[in-house]
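Student: File name final-v9.cif; file contents mmCIF, C-alpha atoms and all ligand atoms; full text below.
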data_data
loop_
_atom_site.label_atom_id
_atom_site.label_comp_id
_atom_site.auth_asym_id
_atom_site.auth_seq_id
_atom_site.Cartn_x
_atom_site.Cartn_y
_atom_site.Cartn_z
CA MET K 4 72.46 347.98 2.28
CA VAL K 5 76.26 347.89 2.34
CA LEU K 6 77.94 344.49 2.62
CA THR K 7 81.70 344.36 3.06
CA GLY K 8 83.21 341.06 1.91
CA GLY K 9 80.23 340.43 -0.37
CA ALA K 10 82.27 338.61 -3.03
CA GLY K 11 83.38 335.94 -0.56
CA PHE K 12 81.86 332.60 0.32
CA ILE K 13 79.27 333.62 2.95
CA GLY K 14 78.95 337.17 1.60
CA SER K 15 77.87 336.01 -1.85
CA HIS K 16 75.19 333.72 -0.38
CA LEU K 17 73.96 336.67 1.67
CA VAL K 18 73.79 338.70 -1.54
CA ASP K 19 71.61 336.01 -3.13
CA ALA K 20 69.22 336.12 -0.16
CA LEU K 21 69.14 339.92 0.00
CA ILE K 22 68.49 340.34 -3.73
CA GLY K 23 65.80 337.68 -3.28
CA ARG K 24 64.20 340.09 -0.78
CA ASP K 25 64.49 342.89 -3.34
CA VAL K 26 67.14 344.72 -1.32
CA HIS K 27 69.67 346.95 -3.10
CA VAL K 28 73.16 345.86 -2.09
CA VAL K 29 76.51 347.61 -2.42
CA CYS K 30 79.31 345.07 -1.96
CA VAL K 31 82.65 346.49 -0.96
CA ASP K 32 85.38 343.93 -1.50
CA ASN K 33 89.07 344.02 -2.41
CA LEU K 34 88.86 340.41 -3.69
CA VAL K 35 91.79 339.28 -1.51
CA THR K 36 89.99 335.99 -0.88
CA GLY K 37 86.73 336.67 -2.73
CA ARG K 38 85.83 336.17 -6.38
CA GLN K 39 83.82 338.32 -8.71
CA GLU K 40 82.37 335.16 -10.29
CA ASN K 41 80.56 334.45 -6.98
CA LEU K 42 78.29 337.35 -7.91
CA LEU K 43 78.04 336.54 -11.61
CA ARG K 44 74.37 335.56 -11.48
CA HIS K 45 73.52 339.16 -10.50
CA ALA K 46 75.86 340.82 -13.03
CA ALA K 47 72.99 342.39 -14.98
CA ASP K 48 70.92 343.23 -11.89
CA THR K 49 70.83 346.93 -11.04
CA ARG K 50 70.13 346.06 -7.40
CA LEU K 51 73.75 344.94 -6.98
CA THR K 52 76.84 347.15 -7.15
CA LEU K 53 80.35 345.81 -6.56
CA VAL K 54 82.92 348.34 -5.39
CA ARG K 55 86.49 347.04 -5.41
CA HIS K 56 88.05 348.61 -2.35
CA ASP K 57 90.02 347.82 0.82
CA VAL K 58 87.72 348.65 3.76
CA SER K 59 90.74 349.06 6.06
CA GLU K 60 91.53 352.27 4.17
CA THR K 61 88.33 354.37 4.26
CA LEU K 62 84.71 353.68 3.53
CA GLY K 63 82.59 356.36 1.89
CA ILE K 64 79.30 355.48 0.23
CA GLY K 65 76.88 358.02 -1.29
CA GLY K 66 73.12 358.03 -0.69
CA ASP K 67 70.95 356.41 1.94
CA VAL K 68 72.09 353.22 3.64
CA ASP K 69 69.81 351.33 6.02
CA ALA K 70 72.28 348.65 7.13
CA VAL K 71 76.02 347.98 7.07
CA LEU K 72 77.04 344.33 7.25
CA HIS K 73 80.75 343.89 7.94
CA PHE K 74 81.86 340.52 6.57
CA ALA K 75 85.22 341.47 5.06
CA SER K 76 88.08 339.42 6.50
CA PRO K 77 90.18 336.47 5.45
CA ALA K 78 88.51 333.57 7.28
CA SER K 79 90.47 330.37 6.73
CA PRO K 80 93.62 329.71 8.78
CA VAL K 81 95.65 329.40 5.55
CA ASP K 82 94.36 332.75 4.29
CA TYR K 83 94.70 334.73 7.51
CA GLN K 84 98.15 333.33 8.27
CA ARG K 85 99.26 334.37 4.77
CA GLU K 86 97.86 337.90 5.37
CA PRO K 87 98.39 338.49 9.11
CA VAL K 88 98.65 342.28 9.06
CA ALA K 89 95.77 342.76 6.61
CA THR K 90 93.66 340.46 8.80
CA LEU K 91 94.40 342.51 11.91
CA LEU K 92 93.68 345.70 10.00
CA VAL K 93 90.34 344.62 8.56
CA GLY K 94 89.19 343.46 12.00
CA THR K 95 90.22 346.73 13.65
CA ALA K 96 90.48 349.66 11.19
CA GLY K 97 87.99 347.96 8.82
CA THR K 98 85.46 347.47 11.61
CA TYR K 99 85.96 351.07 12.74
CA ASN K 100 85.41 352.35 9.19
CA ALA K 101 82.29 350.23 8.76
CA LEU K 102 80.92 351.41 12.12
CA ARG K 103 81.61 355.05 11.21
CA LEU K 104 79.65 354.56 8.01
CA ALA K 105 76.72 353.06 9.97
CA GLU K 106 76.86 355.96 12.43
CA GLU K 107 76.94 358.57 9.65
CA LYS K 108 74.02 356.94 7.80
CA GLN K 109 72.10 356.10 11.02
CA ALA K 110 72.09 352.56 9.73
CA ARG K 111 71.88 349.25 11.54
CA PHE K 112 75.22 347.44 11.80
CA MET K 113 76.12 343.76 11.86
CA LEU K 114 79.53 342.20 12.51
CA ALA K 115 80.48 338.76 11.23
CA SER K 116 82.30 337.58 14.33
CA THR K 117 83.43 334.03 14.94
CA SER K 118 83.61 331.10 17.33
CA GLU K 119 87.37 331.82 17.27
CA VAL K 120 86.74 334.46 19.95
CA TYR K 121 86.40 331.44 22.28
CA GLY K 122 89.87 330.21 21.19
CA ASP K 123 90.47 326.73 22.61
CA PRO K 124 87.33 326.92 24.74
CA LEU K 125 87.19 326.13 28.44
CA LEU K 126 83.43 325.54 28.35
CA HIS K 127 81.62 323.01 26.19
CA PRO K 128 79.34 323.62 24.38
CA GLN K 129 80.22 327.29 24.00
CA VAL K 130 77.75 329.80 25.41
CA GLU K 131 77.89 333.48 24.53
CA THR K 132 78.89 334.38 28.10
CA HIS K 133 82.16 332.40 27.81
CA TRP K 134 85.06 334.87 27.63
CA GLY K 135 87.24 332.46 25.73
CA ASN K 136 90.75 331.07 25.94
CA VAL K 137 92.86 332.75 23.26
CA ASN K 138 96.64 332.79 22.88
CA PRO K 139 97.31 336.48 22.11
CA VAL K 140 100.68 335.77 20.47
CA GLY K 141 99.93 332.42 18.83
CA PRO K 142 99.66 331.57 15.11
CA ARG K 143 95.90 332.22 15.08
CA SER K 144 96.09 335.46 17.07
CA MET K 145 95.92 337.79 14.04
CA TYR K 146 92.41 336.49 13.41
CA ASP K 147 91.16 335.73 16.91
CA GLU K 148 92.34 338.99 18.43
CA ALA K 149 91.18 341.03 15.42
CA LYS K 150 87.67 339.63 15.87
CA ARG K 151 87.77 340.17 19.62
CA ALA K 152 88.81 343.78 19.02
CA ALA K 153 86.06 344.04 16.38
CA GLU K 154 83.46 342.98 18.96
CA ALA K 155 84.85 345.56 21.40
CA PHE K 156 84.58 348.27 18.70
CA VAL K 157 80.96 347.28 18.06
CA MET K 158 80.02 347.44 21.74
CA ALA K 159 81.81 350.80 22.11
CA PHE K 160 79.86 352.30 19.20
CA HIS K 161 76.67 350.79 20.56
CA ARG K 162 77.14 351.97 24.15
CA SER K 163 78.76 355.36 23.62
CA ARG K 164 77.39 356.46 20.22
CA GLY K 165 73.99 354.79 20.09
CA VAL K 166 74.61 352.75 16.93
CA ASP K 167 72.07 349.93 16.49
CA THR K 168 74.38 346.92 16.34
CA ARG K 169 74.37 343.12 16.00
CA ILE K 170 77.18 340.62 16.57
CA ALA K 171 76.87 337.20 14.93
CA ARG K 172 79.33 334.66 16.33
CA ILE K 173 79.54 332.33 13.39
CA PHE K 174 80.72 328.73 13.86
CA ASN K 175 82.30 326.66 11.06
CA THR K 176 80.18 327.07 7.95
CA TYR K 177 80.55 325.24 4.63
CA GLY K 178 78.94 324.95 1.23
CA PRO K 179 79.29 325.85 -2.44
CA ARG K 180 81.73 328.64 -3.41
CA MET K 181 84.43 327.85 -0.88
CA ARG K 182 87.71 328.08 -2.77
CA ASP K 183 89.65 324.94 -3.68
CA GLU K 184 92.77 326.34 -2.09
CA ASP K 185 91.38 327.99 1.06
CA GLY K 186 92.70 325.11 3.17
CA ARG K 187 89.67 324.56 5.42
CA ALA K 188 88.69 320.99 6.19
CA VAL K 189 85.65 320.74 3.90
CA PRO K 190 87.26 322.03 0.68
CA GLN K 191 90.42 320.05 1.42
CA PHE K 192 88.62 316.77 2.07
CA VAL K 193 86.20 317.14 -0.87
CA ASN K 194 88.94 317.97 -3.38
CA GLN K 195 91.20 315.23 -2.09
CA ALA K 196 88.39 312.66 -2.21
CA LEU K 197 87.32 313.68 -5.72
CA ASP K 198 90.96 313.47 -6.88
CA GLY K 199 91.42 310.05 -5.24
CA ALA K 200 94.32 311.63 -3.33
CA PRO K 201 95.08 311.00 0.36
CA ILE K 202 92.70 312.83 2.71
CA THR K 203 94.87 314.79 5.14
CA VAL K 204 93.57 314.67 8.69
CA TYR K 205 95.66 316.81 11.04
CA GLY K 206 96.72 315.31 14.37
CA ASP K 207 94.91 312.12 15.39
CA GLY K 208 91.63 313.46 13.96
CA SER K 209 89.85 313.35 17.31
CA GLN K 210 89.40 317.15 17.42
CA THR K 211 85.83 318.22 16.75
CA ARG K 212 83.96 320.90 14.84
CA SER K 213 80.24 321.53 14.36
CA LEU K 214 79.50 322.34 10.74
CA CYS K 215 76.65 324.52 9.53
CA TYR K 216 75.39 324.52 5.95
CA VAL K 217 75.59 328.02 4.48
CA ASP K 218 71.84 328.36 3.69
CA ASP K 219 71.00 327.77 7.36
CA LEU K 220 73.58 330.34 8.44
CA VAL K 221 72.23 332.99 6.04
CA ASP K 222 68.72 332.40 7.38
CA GLY K 223 70.03 332.94 10.94
CA LEU K 224 71.96 336.07 9.96
CA LEU K 225 68.91 337.70 8.39
CA ARG K 226 66.77 336.84 11.42
CA LEU K 227 69.39 338.38 13.70
CA LEU K 228 69.53 341.51 11.57
CA ASP K 229 65.77 341.91 12.04
CA ALA K 230 65.88 341.14 15.78
CA ASP K 231 66.68 343.48 18.64
CA ARG K 232 69.90 342.36 20.32
CA ALA K 233 73.26 344.05 20.64
CA LEU K 234 75.02 341.31 22.60
CA PRO K 235 76.61 338.46 20.60
CA VAL K 236 74.53 335.56 19.31
CA ASN K 237 76.02 332.17 18.39
CA LEU K 238 75.00 330.92 14.94
CA GLY K 239 76.04 327.40 14.02
CA ASN K 240 74.93 323.81 13.85
CA PRO K 241 75.31 322.01 17.20
CA HIS K 242 75.89 318.62 15.52
CA GLU K 243 79.51 317.90 16.52
CA VAL K 244 81.82 315.55 14.60
CA THR K 245 85.46 314.54 14.83
CA MET K 246 87.66 315.31 11.83
CA ASN K 247 88.07 311.54 11.36
CA GLU K 248 84.29 311.23 11.04
CA LEU K 249 84.14 314.18 8.68
CA ALA K 250 86.88 312.72 6.44
CA ALA K 251 85.14 309.33 6.29
CA THR K 252 81.73 310.91 5.54
CA VAL K 253 83.14 313.06 2.74
CA ARG K 254 84.93 310.03 1.27
CA ASP K 255 81.68 308.00 1.30
CA ILE K 256 79.63 310.78 -0.27
CA CYS K 257 82.25 311.23 -3.01
CA GLY K 258 82.31 307.44 -3.61
CA SER K 259 86.09 307.69 -3.31
CA ASN K 260 88.80 305.16 -2.41
CA SER K 261 91.15 307.79 -0.96
CA GLU K 262 93.11 306.68 2.06
CA ILE K 263 92.89 308.85 5.17
CA VAL K 264 96.36 309.93 6.34
CA CYS K 265 97.50 311.82 9.43
CA GLN K 266 99.57 315.00 9.22
CA PRO K 267 100.90 317.17 12.06
CA LEU K 268 98.32 319.09 14.07
CA PRO K 269 98.78 322.87 13.66
CA GLU K 270 99.76 324.75 16.81
CA ASP K 271 96.83 326.01 18.92
CA ASP K 272 94.27 324.07 16.87
CA PRO K 273 91.12 324.14 19.07
CA ARG K 274 90.26 320.70 20.51
CA ARG K 275 86.48 320.98 20.55
CA ARG K 276 83.86 323.30 19.12
CA ARG K 277 80.13 323.20 19.44
CA PRO K 278 77.77 326.14 19.73
CA ASP K 279 75.11 326.44 22.39
CA ILE K 280 72.36 327.98 20.28
CA SER K 281 69.74 328.47 23.01
CA VAL K 282 69.81 332.25 22.48
CA ALA K 283 69.31 331.96 18.71
CA ARG K 284 66.54 329.41 19.25
CA SER K 285 64.56 331.54 21.68
CA LEU K 286 65.34 334.99 20.27
CA LEU K 287 65.21 334.22 16.55
CA GLY K 288 63.18 331.00 16.42
CA TRP K 289 66.16 329.74 14.43
CA GLU K 290 67.51 326.25 14.13
CA PRO K 291 69.65 324.70 11.38
CA LYS K 292 67.62 322.44 9.11
CA VAL K 293 70.23 320.92 6.79
CA GLY K 294 71.93 317.83 8.22
CA LEU K 295 75.62 317.12 7.60
CA ASP K 296 75.09 314.38 4.99
CA ASP K 297 72.59 316.47 3.05
CA GLY K 298 74.77 319.60 3.19
CA LEU K 299 77.89 317.71 2.18
CA ARG K 300 76.01 316.09 -0.74
CA ARG K 301 74.94 319.53 -2.00
CA THR K 302 78.51 320.78 -1.56
CA VAL K 303 80.07 317.82 -3.37
CA ASP K 304 77.52 318.17 -6.21
CA TRP K 305 78.55 321.80 -6.61
CA TRP K 306 82.25 320.88 -6.70
CA ARG K 307 81.58 318.21 -9.29
CA SER K 308 79.72 320.73 -11.44
CA GLN K 309 82.66 323.16 -11.15
CA ARG K 310 85.04 320.46 -12.29
CA GLU K 311 82.90 319.74 -15.33
CA THR K 312 83.21 323.37 -16.43
CA ALA K 313 86.88 323.76 -15.37
CA PRO K 314 88.76 320.45 -15.18
CA PRO K 315 91.51 320.12 -12.49
CA VAL K 316 94.42 320.64 -14.92
CA ALA K 317 92.99 323.92 -16.18
CA ARG K 318 92.21 324.99 -12.62
CA ALA K 319 95.76 324.27 -11.50
CA SER K 320 97.33 326.39 -14.24
CA ALA K 321 94.76 329.22 -14.05
P1 LIG F 1 85.89 334.56 2.49
O1 LIG F 1 87.36 334.67 2.55
O2 LIG F 1 85.28 333.69 1.45
O3 LIG F 1 85.22 335.99 2.36
C1 LIG F 1 85.79 337.15 2.91
C2 LIG F 1 85.60 338.29 1.91
O4 LIG F 1 86.14 339.50 2.47
C3 LIG F 1 86.34 338.06 0.59
O5 LIG F 1 85.49 338.35 -0.49
C4 LIG F 1 87.52 339.02 0.66
O6 LIG F 1 88.00 339.40 -0.61
C5 LIG F 1 86.92 340.16 1.47
N1 LIG F 1 87.92 340.98 2.17
C6 LIG F 1 88.89 340.58 3.01
N2 LIG F 1 89.61 341.63 3.45
C7 LIG F 1 89.06 342.74 2.88
C8 LIG F 1 89.34 344.13 2.96
N3 LIG F 1 90.35 344.62 3.70
N4 LIG F 1 88.57 344.99 2.23
C9 LIG F 1 87.55 344.51 1.48
N5 LIG F 1 87.24 343.21 1.36
C10 LIG F 1 87.99 342.33 2.06
O7 LIG F 1 85.43 334.09 3.94
P2 LIG F 1 84.01 333.63 4.48
O8 LIG F 1 84.15 332.25 4.96
O9 LIG F 1 82.95 333.96 3.51
O10 LIG F 1 83.87 334.56 5.76
C11 LIG F 1 83.11 335.77 5.71
C12 LIG F 1 83.08 336.40 7.10
O11 LIG F 1 82.48 335.50 8.03
C13 LIG F 1 84.47 336.72 7.66
O12 LIG F 1 84.40 337.94 8.36
C14 LIG F 1 84.76 335.59 8.60
O13 LIG F 1 85.62 335.97 9.64
C15 LIG F 1 83.36 335.26 9.11
N6 LIG F 1 83.27 333.86 9.57
C16 LIG F 1 83.25 332.83 8.67
C17 LIG F 1 83.18 331.52 9.13
C18 LIG F 1 83.13 330.34 8.19
O14 LIG F 1 83.10 329.20 8.67
N7 LIG F 1 83.08 330.50 6.89
C19 LIG F 1 83.14 331.27 10.50
C20 LIG F 1 83.20 332.35 11.37
C21 LIG F 1 83.23 333.65 10.89
N1 LIG F 2 91.94 320.02 9.21
C1 LIG F 2 92.39 318.77 8.84
N2 LIG F 2 92.86 318.61 7.58
C2 LIG F 2 92.88 319.60 6.66
C3 LIG F 2 92.39 320.88 7.03
C4 LIG F 2 91.92 321.05 8.33
O1 LIG F 2 92.38 317.83 9.65
O2 LIG F 2 93.33 319.36 5.53
C5 LIG F 2 91.44 320.19 10.60
C6 LIG F 2 92.03 321.38 11.34
O3 LIG F 2 93.25 321.02 11.95
C7 LIG F 2 90.94 321.65 12.35
C8 LIG F 2 89.66 321.25 11.62
O4 LIG F 2 90.07 320.43 10.53
O5 LIG F 2 91.09 320.83 13.49
C9 LIG F 2 88.88 322.43 11.06
O6 LIG F 2 89.77 323.23 10.34
P1 LIG F 2 89.29 324.45 9.45
O7 LIG F 2 90.51 325.09 8.89
O8 LIG F 2 88.23 324.01 8.53
O9 LIG F 2 88.57 325.42 10.50
P2 LIG F 2 89.01 326.01 11.93
O10 LIG F 2 90.25 325.35 12.42
O11 LIG F 2 89.20 327.45 11.68
O12 LIG F 2 87.85 325.69 12.79
#
Can you turn what I pasted into structure tokens?
Tutor:
Amino acid sequence: MVLTGGAGFIGSHLVDALIGRDVHVVCVDNLVTGRQENLLRHAADTRLTLVRHDVSETLGIGGDVDAVLHFASPASPVDYQREPVATLLVGTAGTYNALRLAEEKQARFMLASTSEVYGDPLLHPQVETHWGNVNPVGPRSMYDEAKRAAEAFVMAFHRSRGVDTRIARIFNTYGPRMRDEDGRAVPQFVNQALDGAPITVYGDGSQTRSLCYVDDLVDGLLRLLDADRALPVNLGNPHEVTMNELAATVRDICGSNSEIVCQPLPEDDPRRRRPDISVARSLLGWEPKVGLDDGLRRTVDWWRSQRETAPPVARASA
């Protein structure tokens, strides 16, 4: 199997699950937002190969390949706004290259798409048939439009070239191995709470997200890969919380005294997000099992363990 973006947060958890199924995995990753250490536990395992390469360039892999999973892309707003052109390229040229590889190898293909294709949604909760409400020239457009183009590439290869494709529309996912500095709400709030620093809620904190623990997501992704469906499938946890609630829950779980402060709301920040997962439920028999408190506890435990091995001062100067 070929997994682009395999050294990233979700990609590395997918690698764990695939190796657990005795699958041989070739990860192709340029490490722009990923880390080799995410794959450290498999360093001596011959079933895993890491190829350091930009998939927006070309993608040639020798030997048989039964599936190509395209997960390479900066994913956090901080990361994709720092790398706008690379983000557009990996969603377009990178998706094309990954699809060409699947076509050449007669392999199944899966795209890691996103709830961002719905933009600031006009329907709530979001169903797969919603076409979305995206600002094509806004500060999130390099990501949203790249993923929308990626979905169009997938459907074109499916319809006109017979490639066996899957599109996973992933909603906000969190867990161990997110980077301290990736800027998403969970890593920000956890690090701030553990430091006793102010927890920065953007806007008035009434905007919502629905957060899925990474183990649940990986389970859904593997079920989708095994299923027979080319049209997009939402994967996420329908439990919706405001960012104020999330900040307070993280603070409690960390046993922190941090104050919660408001900072300006970024432009085009979606107001509400919650997946309708009826399709995943009926098609895949899938449903998230890890509740928010439980998932956040596991995530905070992981961050604490990281801090024990690399204290904050060392991390800051590394
Ligand atoms: P991440 O940044 O941790 O992982 C992305 C990986 O892709 C990194 O290892 C990075 O180095 C690699 N990459 C980026 N551009 C590349 C390129 N041109 N060539 C090769 N490798 C490249 O992000 P993540 O949260 O693990 O997201 C993984 C995928 O899932 C992304 O496609 C993202 O859009 C999608 N997704 C994630 C979420 C989420 O909440 N985490 C939600 C929706 C969709
Ligand atoms: N957010 C916040 N404080 C932070 C980081 C993010 O209030 O320090 C908010 C952000 O404005 C958004 C929500 O949390 O409304 C989720 O942001 P994230 O970057 O995690 O994901 P996305 O916006 O891509 O869904």
Student: Considering only C-alpha atoms, return as a JSON list (two decimals) with C-alpha atoms, in the coordinates of the input whatever protein or nucleic-acid residues lie within 6 Å of Thr7 of chain K, sequence-local ones (same chain, fewer than 3 positions apart) excluded.
Tutor:
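Generated file (result.json):
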[["chain", "number", "residue", "atom", "x", "y", "z"],
["K", 30, "CYS", "CA", 79.31, 345.07, -1.96],
["K", 31, "VAL", "CA", 82.65, 346.49, -0.96],
["K", 32, "ASP", "CA", 85.38, 343.93, -1.50],
["K", 73, "HIS", "CA", 80.75, 343.89, 7.94],
["K", 74, "PHE", "CA", 81.86, 340.52, 6.57],
["K", 75, "ALA", "CA", 85.22, 341.47, 5.06]]
Student: Counting only C-alpha atoms, which residues of segment 224-245 of chain K fall within 12 Å of segment 53-71 of chain K, and what is the closest atom pair for each with its distance in Å at one decimal, ordered by chain and rising number, as CSV?
Tutor:
residue,atom,partner,partner_atom,distance
K:Leu225,CA,K:Ala70,CA,11.5
K:Leu228,CA,K:Ala70,CA,8.8
K:Asp229,CA,K:Ala70,CA,10.6
Student: Determine the nearest neighbour of ligand LIG 1 (chain F) from the options K:Val221, K:Leu227, K:Ala78, K:Val166, counting only C-alpha atoms and all ligand atoms.
Tutor: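 So, comparing all the options, the nearest one is K:Ala78.
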Student: Around all listed atoms of ligand LIG 2 (chain F), padded 6 Å per side, what centre and edge lengths does the axis-aligned box have in Å to one decimal, as lines of an AutoDock Vina configuration file?
Tutor:
center_x = 90.6
center_y = 322.6
center_z = 9.5
size_x = 17.5
size_y = 21.6
size_z = 20.0
Student: Have a look at atom CA of Asn260 of chain K and atom CA of Gly199 of chain K and let me know their distance in Å, one decimal.
Tutor: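 Answer for the atom CA of Asn260 of chain K to atom CA of Gly199 of chain K separation: 6.2 Å.
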Student: Excluding segment 209-213 of chain K and residues on its chain fewer than 3 positions from it, collect all residues at most 9 Å away from it, counting only C-alpha atoms, and give them as a ChimeraX atom specification.
Tutor: /K:174-176,205-206,239-248,272-278
Student: Around (78.2, 339.1, -11.3) in the file's frame, which residues reach within 12 Å when counting only C-alpha atoms? Return as a compact mmCIF listing (two decimals) with C-alpha atoms, in the frame of the given file?
Tutor:
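point25.txt was written with the following content:
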# COMPACT_ATOMS: atom_id res chain seq x y z
CA GLY K 9 80.23 340.43 -0.37
CA ALA K 10 82.27 338.61 -3.03
CA SER K 15 77.87 336.01 -1.85
CA VAL K 18 73.79 338.70 -1.54
CA ASP K 19 71.61 336.01 -3.13
CA CYS K 30 79.31 345.07 -1.96
CA ARG K 38 85.83 336.17 -6.38
CA GLN K 39 83.82 338.32 -8.71
CA GLU K 40 82.37 335.16 -10.29
CA ASN K 41 80.56 334.45 -6.98
CA LEU K 42 78.29 337.35 -7.91
CA LEU K 43 78.04 336.54 -11.61
CA ARG K 44 74.37 335.56 -11.48
CA HIS K 45 73.52 339.16 -10.50
CA ALA K 46 75.86 340.82 -13.03
CA ALA K 47 72.99 342.39 -14.98
CA ASP K 48 70.92 343.23 -11.89
CA THR K 49 70.83 346.93 -11.04
CA ARG K 50 70.13 346.06 -7.40
CA LEU K 51 73.75 344.94 -6.98
CA THR K 52 76.84 347.15 -7.15
CA LEU K 53 80.35 345.81 -6.56
CA VAL K 54 82.92 348.34 -5.39
Student: Between atom C7 of ligand LIG 2 (chain F) and atom CA of Arg226 of chain K, what is the distance in Å, rounded to a tenth?
Tutor: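 Answer for the atom C7 of ligand LIG 2 (chain F) to atom CA of Arg226 of chain K separation: 28.6 Å.
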Student: Of the residues K:Ala200, K:Leu21, K:Val303, K:Val217, which is the one nearest to Ile263 of chain K, using all atoms listed in the file?
Tutor: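 Closest to Ile263 of chain K of all the choices is K:Ala200.
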Student: Pick from K:Asp218, K:Glu148, K:Glu270, K:Glu131: nearest to Thr95 of chain K, with all atoms listed in the file counted?
Tutor: K:Glu148
Student: Using Å and a single decimal, report how far atom CA of Gly94 of chain K sits from atom CA of Lys108 of chain K.
Tutor: 20.7 Å
Student: For each of K:Phe160, K:Phe12, K:Tyr146, K:Trp289, take the minimum atom-to-atom distance to ligand LIG 1 (chain F), counting all atoms listed in the file, then give the residue where this is smallest.
Tutor: K:Phe12
Student: Compare K:Asn237, K:Thr168, K:Ser261, K:Gln266 by their minimum atom-to-atom distance to ligand LIG 2 (chain F), counting only C-alpha atoms and all ligand atoms, and give me the closest one.
Tutor: K:Gln266
Student: Find, counting all atoms listed in the file, the residue in K:Val236, K:Cys215, K:Ile256, K:Val130 that gets nearest to Met113 of chain K.
Tutor: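 So, comparing all the options, the nearest one is K:Val236.
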Student: If you count only C-alpha atoms, which residues fall within 9 Å of Val81 of chain K, apart from same-chain ones fewer than 2 positions away, as a list of chain:residue names?
Tutor: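 My reading of the contact set: K:Pro77, K:Ala78, K:Ser79, K:Tyr83, K:Gln84, K:Arg85, K:Glu86, K:Glu184, K:Asp185, K:Gly186, K:Arg187.
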Student: Using C-alpha atoms, can you export the residues from the last selection as a JSON list (two decimals), in the frame of the given file?
Tutor:
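The new file out32.json reads:
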[["chain", "number", "residue", "atom", "x", "y", "z"],
["K", 77, "PRO", "CA", 90.18, 336.47, 5.45],
["K", 78, "ALA", "CA", 88.51, 333.57, 7.28],
["K", 79, "SER", "CA", 90.47, 330.37, 6.73],
["K", 83, "TYR", "CA", 94.70, 334.73, 7.51],
["K", 84, "GLN", "CA", 98.15, 333.33, 8.27],
["K", 85, "ARG", "CA", 99.26, 334.37, 4.77],
["K", 86, "GLU", "CA", 97.86, 337.90, 5.37],
["K", 184, "GLU", "CA", 92.77, 326.34, -2.09],
["K", 185, "ASP", "CA", 91.38, 327.99, 1.06],
["K", 186, "GLY", "CA", 92.70, 325.11, 3.17],
["K", 187, "ARG", "CA", 89.67, 324.56, 5.42]]
Student: Tell me, as a list in words, which residues lie within 9 Å of Arg254 of chain K, counting only C-alpha atoms; anything in the same chain fewer than 6 positions away does not count.
Tutor: Phe192, Val193, Gln195, Ala196, Leu197, Ile202, Asn260, Ser261, Glu262 and Ile263 of chain K
